[in-house]
$ cat query_38.csv   # CSV, C-alpha atoms and all ligand atoms
chain,number,residue,atom,x,y,z
H,199,MET,CA,23.8,-11.2,-12.8
H,200,SER,CA,26.8,-9.6,-14.3
H,201,VAL,CA,27.4,-5.8,-14.4
H,202,ASN,CA,27.5,-6.1,-18.2
H,203,GLN,CA,24.1,-7.7,-18.3
H,204,MET,CA,22.7,-4.9,-16.2
H,205,ALA,CA,24.2,-2.3,-18.4
H,206,THR,CA,22.6,-4.0,-21.5
H,207,TRP,CA,19.2,-4.0,-19.7
H,208,SER,CA,19.5,-0.3,-18.7
H,209,GLY,CA,19.8,0.7,-22.4
H,210,ALA,CA,16.7,-1.2,-23.5
H,211,GLN,CA,13.9,0.8,-24.9
H,212,LYS,CA,11.3,-1.9,-25.0
H,213,PHE,CA,10.6,-4.7,-22.6
H,214,ASP,CA,10.6,-7.4,-25.2
H,215,GLU,CA,14.2,-6.6,-26.1
H,216,ILE,CA,15.3,-8.0,-22.7
H,217,MET,CA,12.4,-10.2,-21.7
H,218,PRO,CA,14.1,-13.6,-22.5
H,219,GLN,CA,17.2,-12.6,-20.4
H,220,VAL,CA,15.0,-11.3,-17.6
H,221,TRP,CA,13.2,-14.6,-17.6
H,222,GLU,CA,16.5,-16.5,-17.3
H,223,ALA,CA,17.6,-14.2,-14.5
H,224,LEU,CA,14.3,-14.7,-12.7
H,225,GLN,CA,14.9,-18.5,-12.6
H,226,VAL,CA,18.4,-18.0,-11.2
H,227,LYS,CA,16.9,-15.6,-8.6
H,228,VAL,CA,14.1,-17.9,-7.6
H,229,ASP,CA,16.4,-20.9,-7.3
H,230,ARG,CA,18.5,-18.8,-4.9
H,231,MET,CA,15.4,-17.8,-3.0
H,232,ILE,CA,14.4,-21.5,-2.5
H,233,ALA,CA,17.6,-22.0,-0.6
H,234,GLN,CA,17.4,-18.6,1.2
H,235,LEU,CA,13.8,-18.9,2.3
H,236,GLY,CA,13.6,-22.5,3.3
H,237,ASP,CA,10.3,-23.0,5.1
H,238,LYS,CA,9.7,-19.3,5.7
H,239,SER,CA,6.3,-17.8,4.6
H,240,PRO,CA,7.7,-14.5,3.3
H,241,HIS,CA,5.8,-11.2,3.4
H,242,VAL,CA,8.1,-8.2,3.7
H,243,ALA,CA,11.9,-7.7,3.2
H,244,LYS,CA,13.2,-4.4,4.6
H,245,GLU,CA,16.6,-2.8,4.2
H,246,ASP,CA,18.6,-5.9,5.1
H,247,GLY,CA,17.0,-7.7,2.2
H,248,VAL,CA,15.9,-10.7,4.4
H,249,TYR,CA,12.3,-11.8,4.0
H,250,ASP,CA,10.4,-12.2,7.3
H,251,ASP,CA,8.6,-15.4,8.3
H,252,MET,CA,4.9,-14.5,8.6
H,253,ARG,CA,2.3,-16.7,10.1
H,254,ILE,CA,0.6,-19.0,7.7
H,255,ASP,CA,-2.9,-17.7,8.1
H,256,TRP,CA,-1.7,-14.2,7.0
H,257,TRP,CA,-3.2,-13.1,3.7
H,258,THR,CA,0.1,-13.2,1.8
H,259,SER,CA,1.0,-16.9,2.4
H,260,GLY,CA,0.0,-18.0,-1.1
H,261,PHE,CA,2.3,-15.8,-3.1
H,262,TRP,CA,5.7,-17.5,-2.7
H,263,PRO,CA,4.2,-20.9,-3.6
H,264,GLY,CA,2.4,-19.2,-6.4
H,265,ILE,CA,5.7,-18.1,-7.9
H,266,LEU,CA,7.0,-21.6,-7.6
H,267,TRP,CA,4.0,-23.1,-9.4
H,268,ILE,CA,4.3,-20.6,-12.2
H,269,LEU,CA,7.9,-21.5,-12.7
H,270,TYR,CA,7.1,-25.2,-12.6
H,271,ASP,CA,4.3,-24.8,-15.2
H,272,MET,CA,6.6,-22.7,-17.5
H,273,THR,CA,9.7,-24.9,-17.2
H,274,GLY,CA,8.6,-28.3,-16.2
H,275,LYS,CA,11.4,-28.4,-13.6
H,276,GLU,CA,10.5,-30.7,-10.8
H,277,HIS,CA,12.3,-28.8,-8.1
H,278,TYR,CA,9.8,-25.9,-8.3
H,279,LYS,CA,6.9,-28.4,-7.8
H,280,GLU,CA,8.7,-30.0,-4.9
H,281,ALA,CA,9.2,-26.7,-3.2
H,282,ALA,CA,5.6,-25.7,-3.8
H,283,TRP,CA,3.9,-29.0,-2.9
H,284,ARG,CA,3.3,-28.8,0.8
H,285,TRP,CA,1.9,-25.3,1.1
H,286,ASP,CA,-1.8,-26.1,0.8
H,287,GLU,CA,-1.3,-28.8,3.5
H,288,LYS,CA,0.2,-26.2,5.8
H,289,LEU,CA,-2.8,-24.0,5.2
H,290,GLU,CA,-5.2,-26.8,6.0
H,291,GLN,CA,-3.4,-27.6,9.2
H,292,ALA,CA,-3.7,-23.9,10.2
H,293,SER,CA,-7.4,-23.9,9.3
H,294,VAL,CA,-8.1,-26.5,12.0
H,295,ARG,CA,-6.2,-24.6,14.7
H,296,ASN,CA,-7.1,-21.2,16.2
H,297,ASN,CA,-6.7,-18.9,13.2
H,298,ASN,CA,-7.6,-15.6,11.6
H,299,PHE,CA,-8.5,-16.7,8.0
H,300,HIS,CA,-10.9,-14.3,6.3
H,301,HIS,CA,-12.0,-13.2,2.8
H,302,ASP,CA,-8.4,-13.5,1.6
H,303,VAL,CA,-8.6,-17.3,1.4
H,304,GLY,CA,-8.7,-16.6,-2.4
H,305,PHE,CA,-5.2,-15.0,-2.3
H,306,GLN,CA,-4.0,-18.0,-0.2
H,307,TYR,CA,-5.7,-21.0,-1.8
H,308,LEU,CA,-5.7,-20.1,-5.5
H,309,PRO,CA,-1.9,-20.0,-5.8
H,310,THR,CA,-1.6,-23.2,-3.7
H,311,ALA,CA,-4.4,-25.8,-3.5
H,312,VAL,CA,-6.3,-24.7,-6.6
H,313,ILE,CA,-3.3,-24.4,-9.0
H,314,LYS,CA,-1.9,-27.6,-7.6
H,315,HIS,CA,-5.1,-29.4,-8.6
H,316,LYS,CA,-5.1,-27.7,-12.0
H,317,LEU,CA,-1.5,-28.7,-12.8
H,318,THR,CA,-1.3,-32.1,-11.1
H,319,GLY,CA,-4.8,-33.3,-10.6
H,320,ASP,CA,-4.1,-33.7,-6.9
H,321,SER,CA,-7.3,-34.5,-5.1
H,322,ASP,CA,-6.2,-32.9,-1.8
H,323,GLY,CA,-5.7,-29.7,-3.7
H,324,LEU,CA,-9.3,-29.9,-5.0
H,325,ARG,CA,-10.7,-30.7,-1.6
H,326,ARG,CA,-8.8,-27.9,0.1
H,327,GLY,CA,-9.7,-25.4,-2.7
H,328,LEU,CA,-13.4,-26.2,-2.4
H,329,GLN,CA,-13.3,-25.9,1.4
H,330,ALA,CA,-11.8,-22.4,1.0
H,331,ALA,CA,-14.5,-21.5,-1.6
H,332,ASN,CA,-17.2,-22.6,0.8
H,333,PHE,CA,-15.6,-20.6,3.6
H,334,LEU,CA,-15.6,-17.5,1.4
H,335,ALA,CA,-19.2,-18.0,0.1
H,336,GLY,CA,-20.2,-18.2,3.8
H,337,ARG,CA,-19.1,-14.6,4.3
H,338,PHE,CA,-21.7,-13.3,1.8
H,339,ASN,CA,-24.1,-10.6,3.2
H,340,LEU,CA,-27.4,-11.0,1.4
H,341,ALA,CA,-28.9,-7.7,2.4
H,342,GLY,CA,-25.9,-5.6,1.2
H,343,SER,CA,-24.7,-8.0,-1.5
H,344,PHE,CA,-21.1,-8.0,-0.4
H,345,LEU,CA,-18.5,-10.4,1.0
H,346,ARG,CA,-17.5,-9.6,4.5
H,347,ALA,CA,-13.8,-8.7,4.6
H,348,TRP,CA,-12.4,-9.1,8.1
H,349,ASN,CA,-13.3,-10.8,11.3
H,350,GLN,CA,-14.0,-9.6,14.9
H,351,ASP,CA,-16.3,-6.5,15.0
H,352,LYS,CA,-16.0,-5.4,11.4
H,353,ILE,CA,-19.2,-7.2,10.4
H,354,GLY,CA,-20.4,-4.7,7.7
H,355,TRP,CA,-17.0,-3.9,6.2
H,356,SER,CA,-16.3,-4.8,2.6
H,357,ILE,CA,-13.0,-4.0,0.8
H,358,VAL,CA,-12.0,-3.7,-2.8
H,359,ASP,CA,-9.2,-6.2,-2.3
H,360,SER,CA,-11.9,-9.0,-2.3
H,361,THR,CA,-12.3,-8.5,-6.0
H,362,MET,CA,-9.1,-10.6,-6.4
H,363,ASN,CA,-10.6,-13.4,-4.2
H,364,LEU,CA,-13.6,-13.9,-6.5
H,365,SER,CA,-11.9,-16.3,-8.9
H,366,ILE,CA,-12.0,-19.1,-6.3
H,367,LEU,CA,-15.8,-18.8,-6.3
H,368,PHE,CA,-16.0,-19.0,-10.1
H,369,TRP,CA,-13.6,-21.9,-10.1
H,370,ALA,CA,-15.7,-23.7,-7.5
H,371,ALA,CA,-18.8,-23.2,-9.6
H,372,GLU,CA,-17.0,-24.9,-12.5
H,373,MET,CA,-15.7,-27.8,-10.4
H,374,THR,CA,-19.0,-28.6,-8.6
H,375,GLY,CA,-21.7,-27.4,-11.1
H,376,ASP,CA,-23.2,-25.6,-8.2
H,377,PRO,CA,-24.3,-22.1,-9.4
H,378,ARG,CA,-24.4,-20.6,-5.9
H,379,PHE,CA,-20.7,-19.9,-6.0
H,380,GLU,CA,-21.0,-18.0,-9.3
H,381,GLN,CA,-24.1,-16.2,-8.0
H,382,ILE,CA,-22.2,-14.9,-5.0
H,383,GLY,CA,-19.2,-14.0,-7.2
H,384,ARG,CA,-21.3,-12.0,-9.6
H,385,ALA,CA,-23.3,-10.3,-6.8
H,386,HIS,CA,-20.1,-9.1,-5.0
H,387,ALA,CA,-18.6,-8.0,-8.4
H,388,ASP,CA,-21.7,-6.0,-9.0
H,389,THR,CA,-21.2,-4.2,-5.7
H,390,VAL,CA,-17.6,-3.5,-6.7
H,391,VAL,CA,-18.8,-2.0,-10.0
H,392,ASP,CA,-21.7,0.0,-8.6
H,393,LYS,CA,-20.3,1.1,-5.2
H,394,PHE,CA,-16.5,0.8,-5.0
H,395,ILE,CA,-15.6,2.3,-8.4
H,396,ARG,CA,-16.2,6.0,-8.6
H,397,GLU,CA,-17.3,7.8,-11.7
H,398,ASP,CA,-13.8,9.0,-12.6
H,399,GLY,CA,-12.4,5.4,-12.3
H,400,SER,CA,-10.7,5.8,-8.9
H,401,VAL,CA,-11.6,3.3,-6.3
H,402,ASN,CA,-12.8,3.3,-2.6
H,403,HIS,CA,-10.8,1.0,-0.4
H,404,ILE,CA,-13.2,0.2,2.4
H,405,LEU,CA,-17.0,0.6,2.4
H,406,SER,CA,-19.0,0.2,5.6
H,407,PHE,CA,-22.5,-1.2,5.3
H,408,ASP,CA,-25.2,-1.7,7.9
H,409,PRO,CA,-24.9,-5.5,8.1
H,410,LYS,CA,-28.6,-5.9,8.9
H,411,SER,CA,-30.3,-3.6,6.4
H,412,GLY,CA,-27.4,-3.7,3.8
H,413,GLU,CA,-27.5,0.1,3.5
H,414,LEU,CA,-24.2,1.8,2.6
H,415,ILE,CA,-23.0,3.9,5.5
H,416,GLU,CA,-19.7,5.4,4.4
H,417,SER,CA,-16.3,5.1,2.7
H,418,LEU,CA,-13.4,4.6,5.1
H,419,GLY,CA,-9.8,5.6,4.3
H,420,GLY,CA,-8.1,2.2,4.9
H,421,GLN,CA,-4.7,1.9,3.3
H,422,GLY,CA,-5.2,5.0,1.1
H,423,ALA,CA,-4.5,8.5,2.2
H,424,GLY,CA,-8.1,9.2,3.1
H,425,PRO,CA,-11.8,8.2,2.4
H,426,LEU,CA,-11.8,10.0,-1.0
H,427,SER,CA,-8.2,9.3,-2.0
H,428,ALA,CA,-7.0,7.0,-4.7
H,429,TRP,CA,-5.0,4.1,-3.2
H,430,SER,CA,-3.1,2.7,-6.1
H,431,ARG,CA,-3.0,-1.0,-5.0
H,432,GLY,CA,-6.7,-0.9,-4.4
H,433,ALA,CA,-7.1,0.2,-8.0
H,434,SER,CA,-4.9,-2.6,-9.2
H,435,TRP,CA,-7.0,-5.1,-7.2
H,436,ALA,CA,-10.1,-3.8,-8.9
H,437,LEU,CA,-8.6,-3.7,-12.3
H,438,HIS,CA,-7.1,-7.2,-12.3
H,439,GLY,CA,-10.0,-8.7,-10.3
H,440,LEU,CA,-12.7,-7.4,-12.6
H,441,ALA,CA,-10.7,-8.6,-15.7
H,442,ASN,CA,-10.8,-12.0,-14.0
H,443,VAL,CA,-14.5,-11.8,-13.5
H,444,TYR,CA,-15.0,-11.0,-17.1
H,445,ARG,CA,-12.9,-14.0,-18.1
H,446,TYR,CA,-15.2,-16.3,-16.1
H,447,THR,CA,-18.5,-14.7,-16.9
H,448,GLY,CA,-18.1,-13.1,-20.4
H,449,GLU,CA,-20.2,-10.2,-19.0
H,450,VAL,CA,-19.1,-7.0,-20.7
H,451,ARG,CA,-20.0,-4.7,-17.8
H,452,TYR,CA,-17.1,-6.2,-15.8
H,453,LEU,CA,-14.7,-5.6,-18.7
H,454,ARG,CA,-15.8,-2.0,-19.1
H,455,ALA,CA,-15.5,-1.4,-15.4
H,456,ALA,CA,-11.9,-2.8,-15.4
H,457,GLN,CA,-11.1,-0.5,-18.4
H,458,ARG,CA,-12.5,2.5,-16.5
H,459,VAL,CA,-10.1,1.7,-13.5
H,460,ALA,CA,-7.3,1.0,-15.9
H,461,ASN,CA,-7.7,4.3,-17.7
H,462,TYR,CA,-7.7,6.3,-14.5
H,463,PHE,CA,-4.6,4.3,-13.3
H,464,LEU,CA,-2.7,4.9,-16.5
H,465,ALA,CA,-3.6,8.6,-16.5
H,466,CYS,CA,-2.1,9.0,-13.0
H,467,LEU,CA,1.3,7.4,-13.6
H,468,PRO,CA,4.5,9.4,-13.2
H,469,GLU,CA,7.2,9.6,-15.9
H,470,ASP,CA,8.8,6.3,-15.1
H,471,HIS,CA,5.4,4.4,-15.2
H,472,VAL,CA,5.6,3.0,-11.7
H,473,ALA,CA,2.7,4.1,-9.5
H,474,HIS,CA,3.0,6.2,-6.3
H,475,TRP,CA,1.2,4.5,-3.4
H,476,ASP,CA,-1.8,6.8,-3.6
H,477,PHE,CA,-2.6,9.0,-6.6
H,478,ARG,CA,-4.1,11.6,-4.4
H,479,ALA,CA,-1.7,11.5,-1.5
H,480,ALA,CA,-0.6,15.1,-1.9
H,481,GLU,CA,-0.8,18.1,-4.3
H,482,SER,CA,2.6,17.0,-5.7
H,483,LEU,CA,3.5,13.3,-5.5
H,484,ASP,CA,7.2,13.9,-6.1
H,485,ASP,CA,8.2,13.1,-2.5
H,486,GLU,CA,5.7,10.3,-2.0
H,487,PRO,CA,6.8,6.7,-2.0
H,488,ARG,CA,6.1,4.4,-4.9
H,489,ASP,CA,4.3,1.1,-4.7
H,490,THR,CA,5.9,-1.5,-7.0
H,491,SER,CA,3.3,-4.0,-5.9
H,492,ALA,CA,0.5,-1.8,-7.3
H,493,ALA,CA,2.5,-1.6,-10.5
H,494,THR,CA,3.0,-5.3,-11.0
H,495,CYS,CA,-0.6,-6.3,-10.1
H,496,ALA,CA,-1.9,-3.6,-12.5
H,497,ALA,CA,0.5,-4.7,-15.2
H,498,SER,CA,-0.8,-8.3,-14.9
H,499,GLY,CA,-4.4,-7.0,-15.1
H,500,LEU,CA,-3.6,-4.9,-18.1
H,501,ILE,CA,-2.1,-7.9,-20.0
H,502,GLU,CA,-5.3,-9.7,-19.2
H,503,LEU,CA,-7.5,-6.9,-20.5
H,504,ALA,CA,-5.4,-6.7,-23.7
H,505,GLU,CA,-6.3,-10.3,-24.4
H,506,PHE,CA,-10.0,-9.6,-24.3
H,507,LEU,CA,-10.1,-6.6,-26.5
H,508,PRO,CA,-9.6,-6.0,-30.3
H,509,ALA,CA,-5.8,-5.5,-31.0
H,510,VAL,CA,-6.2,-1.8,-31.6
H,511,GLU,CA,-7.5,-1.2,-28.1
H,512,GLY,CA,-5.8,-4.1,-26.4
H,513,ASN,CA,-2.3,-3.1,-27.5
H,514,VAL,CA,-2.7,0.2,-25.7
H,515,TYR,CA,-3.0,-1.8,-22.4
H,516,ARG,CA,-0.3,-4.3,-23.3
H,517,ARG,CA,2.2,-1.6,-24.2
H,518,ALA,CA,1.4,0.2,-21.0
H,519,ALA,CA,2.1,-3.0,-19.0
H,520,GLU,CA,5.4,-3.5,-20.9
H,521,ARG,CA,6.5,0.1,-20.1
H,522,MET,CA,5.8,-0.6,-16.4
H,523,LEU,CA,7.7,-3.9,-16.5
H,524,LEU,CA,10.7,-2.3,-18.3
H,525,SER,CA,10.9,0.4,-15.7
H,526,LEU,CA,10.5,-2.0,-12.8
H,527,THR,CA,13.2,-4.2,-14.2
H,528,GLN,CA,15.7,-1.4,-14.9
H,529,LYS,CA,15.2,0.7,-11.8
H,530,TYR,CA,13.5,-1.3,-9.0
H,531,GLY,CA,15.1,-4.8,-9.2
H,532,THR,CA,17.6,-6.5,-6.9
H,533,TRP,CA,19.6,-8.0,-9.8
H,534,ASP,CA,22.9,-6.7,-8.6
H,535,GLN,CA,22.3,-7.9,-5.0
H,536,PRO,CA,22.4,-11.7,-5.0
H,537,GLU,CA,22.0,-11.8,-1.2
H,538,HIS,CA,18.7,-9.9,-1.4
H,539,GLN,CA,15.9,-12.3,-0.9
H,540,ALA,CA,13.3,-10.4,-2.9
H,541,ILE,CA,13.0,-9.5,-6.6
H,542,LEU,CA,11.7,-5.9,-6.4
H,543,LEU,CA,12.3,-2.9,-4.1
H,544,GLU,CA,10.1,0.1,-3.2
H,545,GLY,CA,6.8,-1.5,-2.3
H,546,THR,CA,4.4,0.3,0.1
H,547,GLY,CA,2.3,-1.9,2.4
H,548,ASN,CA,0.3,0.5,4.6
H,549,LYS,CA,1.5,4.0,4.7
H,550,PRO,CA,-1.2,5.6,6.9
H,551,ALA,CA,-0.3,3.0,9.6
H,552,GLY,CA,3.4,3.6,9.1
H,553,GLN,CA,3.9,0.0,8.2
H,554,ASN,CA,6.2,-1.4,5.5
H,555,VAL,CA,7.0,1.7,3.5
H,556,ASN,CA,9.7,1.4,0.8
H,557,VAL,CA,10.2,-2.3,1.3
H,558,SER,CA,10.0,-5.5,-0.8
H,559,LEU,CA,6.6,-7.2,-0.8
H,560,ILE,CA,6.1,-10.8,-1.8
H,561,TYR,CA,2.9,-10.0,-3.7
H,562,GLY,CA,4.8,-7.4,-5.7
H,563,ASP,CA,7.3,-10.1,-6.6
H,564,TYR,CA,4.5,-12.6,-7.4
H,565,TYR,CA,2.7,-10.3,-9.9
H,566,TYR,CA,6.0,-9.4,-11.5
H,567,VAL,CA,6.6,-13.1,-12.3
H,568,GLU,CA,2.9,-13.6,-13.3
H,569,SER,CA,3.0,-10.6,-15.7
H,570,ILE,CA,6.2,-11.8,-17.4
H,571,ALA,CA,4.9,-15.4,-17.7
H,572,LYS,CA,1.8,-14.1,-19.4
H,573,LEU,CA,3.8,-12.0,-21.8
H,574,LEU,CA,5.8,-15.1,-22.6
H,575,GLY,CA,2.6,-17.0,-23.5
H,576,TRP,CA,1.7,-18.7,-20.2
H,577,LYS,CA,-1.9,-19.9,-20.7
H,578,GLN,CA,-2.7,-21.2,-17.3
H,579,ARG,CA,-4.2,-18.8,-14.8
H,580,ILE,CA,-4.0,-18.7,-11.0
H,581,PHE,CA,-6.3,-15.8,-10.3
T,1,LIG,N1,-5.0,-5.5,2.3
T,1,LIG,C1,-4.2,-6.1,1.4
T,1,LIG,C2,-3.3,-5.1,0.8
T,1,LIG,O1,-2.4,-4.6,1.5
T,1,LIG,O2,-3.4,-4.8,-0.4

$ encode --input "query_38.csv" --output "structure tokens" --more "lines below"
Ligand code: GLY
Amino acid sequence: MSVNQMATWSGAQKFDEIMPQVWEALQVKVDRMIAQLGDKSPHVAKEDGVYDDMRIDWWTSGFWPGILWILYDMTGKEHYKEAAWRWDEKLEQASVRNNNFHHDVGFQYLPTAVIKHKLTGDSDGLRRGLQAANFLAGRFNLAGSFLRAWNQDKIGWSIVDSTMNLSILFWAAEMTGDPRFEQIGRAHADTVVDKFIREDGSVNHILSFDPKSGELIESLGGQGAGPLSAWSRGASWALHGLANVYRYTGEVRYLRAAQRVANYFLACLPEDHVAHWDFRAAESLDDEPRDTSAATCAASGLIELAEFLPAVEGNVYRRAAERMLLSLTQKYGTWDQPEHQAILLEGTGNKPAGQNVNVSLIYGDYYYVESIAKLLGWKQRIF
């Protein structure tokens, strides 16, 4: 990326003025990442700009192959397919060893096994995707109507992040004709709408239920600033996830719930349109870190919403997404640092735990690529 190119981008007023050049630059970037990352399963890159190598059963292992599959589908270039091909096999190998897979198999198998099957017809991808859907369906708690999130002693804990995992259930229902997958997907989505989303459109991160009676016990703080705060990535999971549920079901209540979250999210954005990590972290957010991953996931969800609505309403969401992507591209990218292995800076992983604040996050990079692909007319969907 030349300095001149960067200067041109910094003067742009609208994202579509620079989108074709950004797309070209992204391909250069991802080609370089293929060489830089090798077999690593990237999660976080800190100040040195080097992505770590996370264990394969960690919830983020699908995002790098997801970027590769999107680029393959958009360009037809075989080297993206070749780099993405083995990831679902690696997941399967991990699944028969001691592991800690949980509700996030959607995040892991949708951008690997499922998209591989959609794009290539690969029967291993289909089999692995359906195994993951069965595993997720098996985590459903009938009394409380929620998917169990984590393992060990957190038997009654459900988290808003699961909204993004529901697509694998709806996909499995389509593939098998077995309505149980869809019934579970809808039941959990109803719990998100009724219990996770607050009246003002902000979102709870963790809800704890009595796993026997199903009774709601309390809201827990989780990765937000507190039990009643407004963790921005949680909002983006709900927004994008419910938009996906609407796409699969056509049920307007999911669309309206996604809009309610979107409206709250947009009302809380700072001047440069890139979300702080929690909209209620402090009285003034000026000194609080951003979370570029919340911004990119929300942008992708907003573009999705825009497609479902009449133009007069939908364009409000699309333009908001474009403003976010323009700002992310101009102020938060690594374009002038070719050795940096990530695309975006200033993500926040888990601030209350003091983990991964002001870093690059592979899911921030993934949803950035996904958003731009959608704006460029990509019709396939991973989530
Ligand atoms: N728990 C997944 C996330 O950090 O959003």

$ closest_residue --input "query_38.csv" --among "H:Ser558, H:Ser239, H:Asn339, H:Gln329" --to "Lys288 of chain H" --atoms "all atoms listed in the file"
H:Ser239

$ closest_atom_pairs --input "query_38.csv" --of "segment 460-503 of chain H" --to "segment 361-380 of chain H" --cutoff "12 Å" --atoms "only C-alpha atoms" --output "Markdown table"
| residue | atom | partner | partner_atom | distance |
| --- | --- | --- | --- | --- |
| H:Cys495 | CA | H:Met362 | CA | 10.2 |
| H:Ala496 | CA | H:Met362 | CA | 11.7 |
| H:Gly499 | CA | H:Met362 | CA | 10.5 |

$ residues_around --input "query_38.csv" --residues "Gly247 of chain H" --least-positions-apart "5" --cutoff "9 Å" --atoms "all atoms listed in the file" --output "number ranges by chain"
H: 535, 537-540, 557-558

$ closest_residue --input "query_38.csv" --among "H:Ala243, H:His386, H:Ala335, H:Ser406" --to "Leu418 of chain H" --atoms "all atoms listed in the file"
H:Ser406

$ closest_residue --input "query_38.csv" --among "H:Phe333, H:Tyr566, H:Tyr444, H:Trp257" --to "ligand LIG 1 (chain T)" --atoms "only C-alpha atoms and all ligand atoms"
H:Trp257

$ residues_around --input "query_38.csv" --residues "segment 230-237 of chain H" --least-positions-apart "6" --cutoff "12 Å" --atoms "only C-alpha atoms" --output "ChimeraX atom specification"
/H:223-224,243,247-254,259,262-263,265-266,277-285,288,533,535-541,560,563

$ write_last_selection --input "query_38.csv" --atoms "C-alpha atoms" --output "short mmCIF file (atom, residue, chain, number, x, y, z; two decimals), keeping the file's coordinate frame"
data_model
loop_
_atom_site.label_atom_id
_atom_site.label_comp_id
_atom_site.auth_asym_id
_atom_site.auth_seq_id
_atom_site.Cartn_x
_atom_site.Cartn_y
_atom_site.Cartn_z
CA ALA H 223 17.60 -14.20 -14.50
CA LEU H 224 14.30 -14.70 -12.70
CA ALA H 243 11.90 -7.70 3.20
CA GLY H 247 17.00 -7.70 2.20
CA VAL H 248 15.90 -10.70 4.40
CA TYR H 249 12.30 -11.80 4.00
CA ASP H 250 10.40 -12.20 7.30
CA ASP H 251 8.60 -15.40 8.30
CA MET H 252 4.90 -14.50 8.60
CA ARG H 253 2.30 -16.70 10.10
CA ILE H 254 0.60 -19.00 7.70
CA SER H 259 1.00 -16.90 2.40
CA TRP H 262 5.70 -17.50 -2.70
CA PRO H 263 4.20 -20.90 -3.60
CA ILE H 265 5.70 -18.10 -7.90
CA LEU H 266 7.00 -21.60 -7.60
CA HIS H 277 12.30 -28.80 -8.10
CA TYR H 278 9.80 -25.90 -8.30
CA LYS H 279 6.90 -28.40 -7.80
CA GLU H 280 8.70 -30.00 -4.90
CA ALA H 281 9.20 -26.70 -3.20
CA ALA H 282 5.60 -25.70 -3.80
CA TRP H 283 3.90 -29.00 -2.90
CA ARG H 284 3.30 -28.80 0.80
CA TRP H 285 1.90 -25.30 1.10
CA LYS H 288 0.20 -26.20 5.80
CA TRP H 533 19.60 -8.00 -9.80
CA GLN H 535 22.30 -7.90 -5.00
CA PRO H 536 22.40 -11.70 -5.00
CA GLU H 537 22.00 -11.80 -1.20
CA HIS H 538 18.70 -9.90 -1.40
CA GLN H 539 15.90 -12.30 -0.90
CA ALA H 540 13.30 -10.40 -2.90
CA ILE H 541 13.00 -9.50 -6.60
CA ILE H 560 6.10 -10.80 -1.80
CA ASP H 563 7.30 -10.10 -6.60
#

$ atom_distance --input "query_38.csv" --atom1 "atom CA of Leu414 of chain H" --atom2 "atom CA of Asn298 of chain H"
25.7 Å

$ residues_near_ligand --input "query_38.csv" --ligand "ligand LIG 1 (chain T)" --cutoff "8 Å" --atoms "all atoms listed in the file" --output "PyMOL selection string"
chain H and resi 257+359+421+431-432+435+547-548

$ closest_residue --input "query_38.csv" --among "H:Thr494, H:Ser400, H:Ser321, H:Thr273" --to "Cys466 of chain H" --atoms "all atoms listed in the file"
H:Ser400

$ atom_distance --input "query_38.csv" --atom1 "atom CA of Lys549 of chain H" --atom2 "atom CA of Ile404 of chain H"
15.4 Å

$ residues_around --input "query_38.csv" --residues "segment 389-395 of chain H" --least-positions-apart "2" --cutoff "8 Å" --atoms "all atoms listed in the file" --output "list in words"
Ser343, Phe344, Val358, Thr361, Ala385, His386, Ala387, Glu397, Gly399, Ser400, Val401, Asn402, His403, Leu405, Ala436, Tyr452, Ala455 and Val459 of chain H

$ atom_distance --input "query_38.csv" --atom1 "atom CA of Ile415 of chain H" --atom2 "atom CA of Asn349 of chain H"
18.5 Å

$ residues_near_point --input "query_38.csv" --point "(1.8, -13.4, -0.1)" --cutoff "6 Å" --atoms "all atoms listed in the file" --output "VMD selection string"
chain H and resid 241 258 to 261 560 to 561

$ build_atoms --input "query_38.csv" --residues "segment 338-343 of chain H" --atoms "N, CA, C and O atoms" --output "mmCIF file, in the frame of the given file"
data_model
loop_
_atom_site.group_PDB
_atom_site.id
_atom_site.type_symbol
_atom_site.label_atom_id
_atom_site.label_comp_id
_atom_site.auth_asym_id
_atom_site.auth_seq_id
_atom_site.Cartn_x
_atom_site.Cartn_y
_atom_site.Cartn_z
ATOM 1 N N PHE H 338 -20.864 -14.169 2.653
ATOM 2 C CA PHE H 338 -21.700 -13.300 1.800
ATOM 3 C C PHE H 338 -22.809 -12.660 2.676
ATOM 4 O O PHE H 338 -23.515 -13.374 3.394
ATOM 5 N N ASN H 339 -22.965 -11.346 2.572
ATOM 6 C CA ASN H 339 -24.100 -10.600 3.200
ATOM 7 C C ASN H 339 -25.149 -10.388 2.201
ATOM 8 O O ASN H 339 -24.970 -9.597 1.269
ATOM 9 N N LEU H 340 -26.281 -11.064 2.383
ATOM 10 C CA LEU H 340 -27.400 -11.000 1.400
ATOM 11 C C LEU H 340 -27.992 -9.647 1.278
ATOM 12 O O LEU H 340 -28.281 -9.163 0.177
ATOM 13 N N ALA H 341 -28.201 -8.987 2.414
ATOM 14 C CA ALA H 341 -28.900 -7.700 2.400
ATOM 15 C C ALA H 341 -28.049 -6.633 1.649
ATOM 16 O O ALA H 341 -28.577 -5.822 0.889
ATOM 17 N N GLY H 342 -26.743 -6.648 1.864
ATOM 18 C CA GLY H 342 -25.900 -5.600 1.200
ATOM 19 C C GLY H 342 -25.204 -6.124 -0.023
ATOM 20 O O GLY H 342 -24.534 -5.357 -0.714
ATOM 21 N N SER H 343 -25.334 -7.407 -0.326
ATOM 22 C CA SER H 343 -24.700 -8.000 -1.500
ATOM 23 C C SER H 343 -23.208 -7.797 -1.559
ATOM 24 O O SER H 343 -22.653 -7.355 -2.557
#
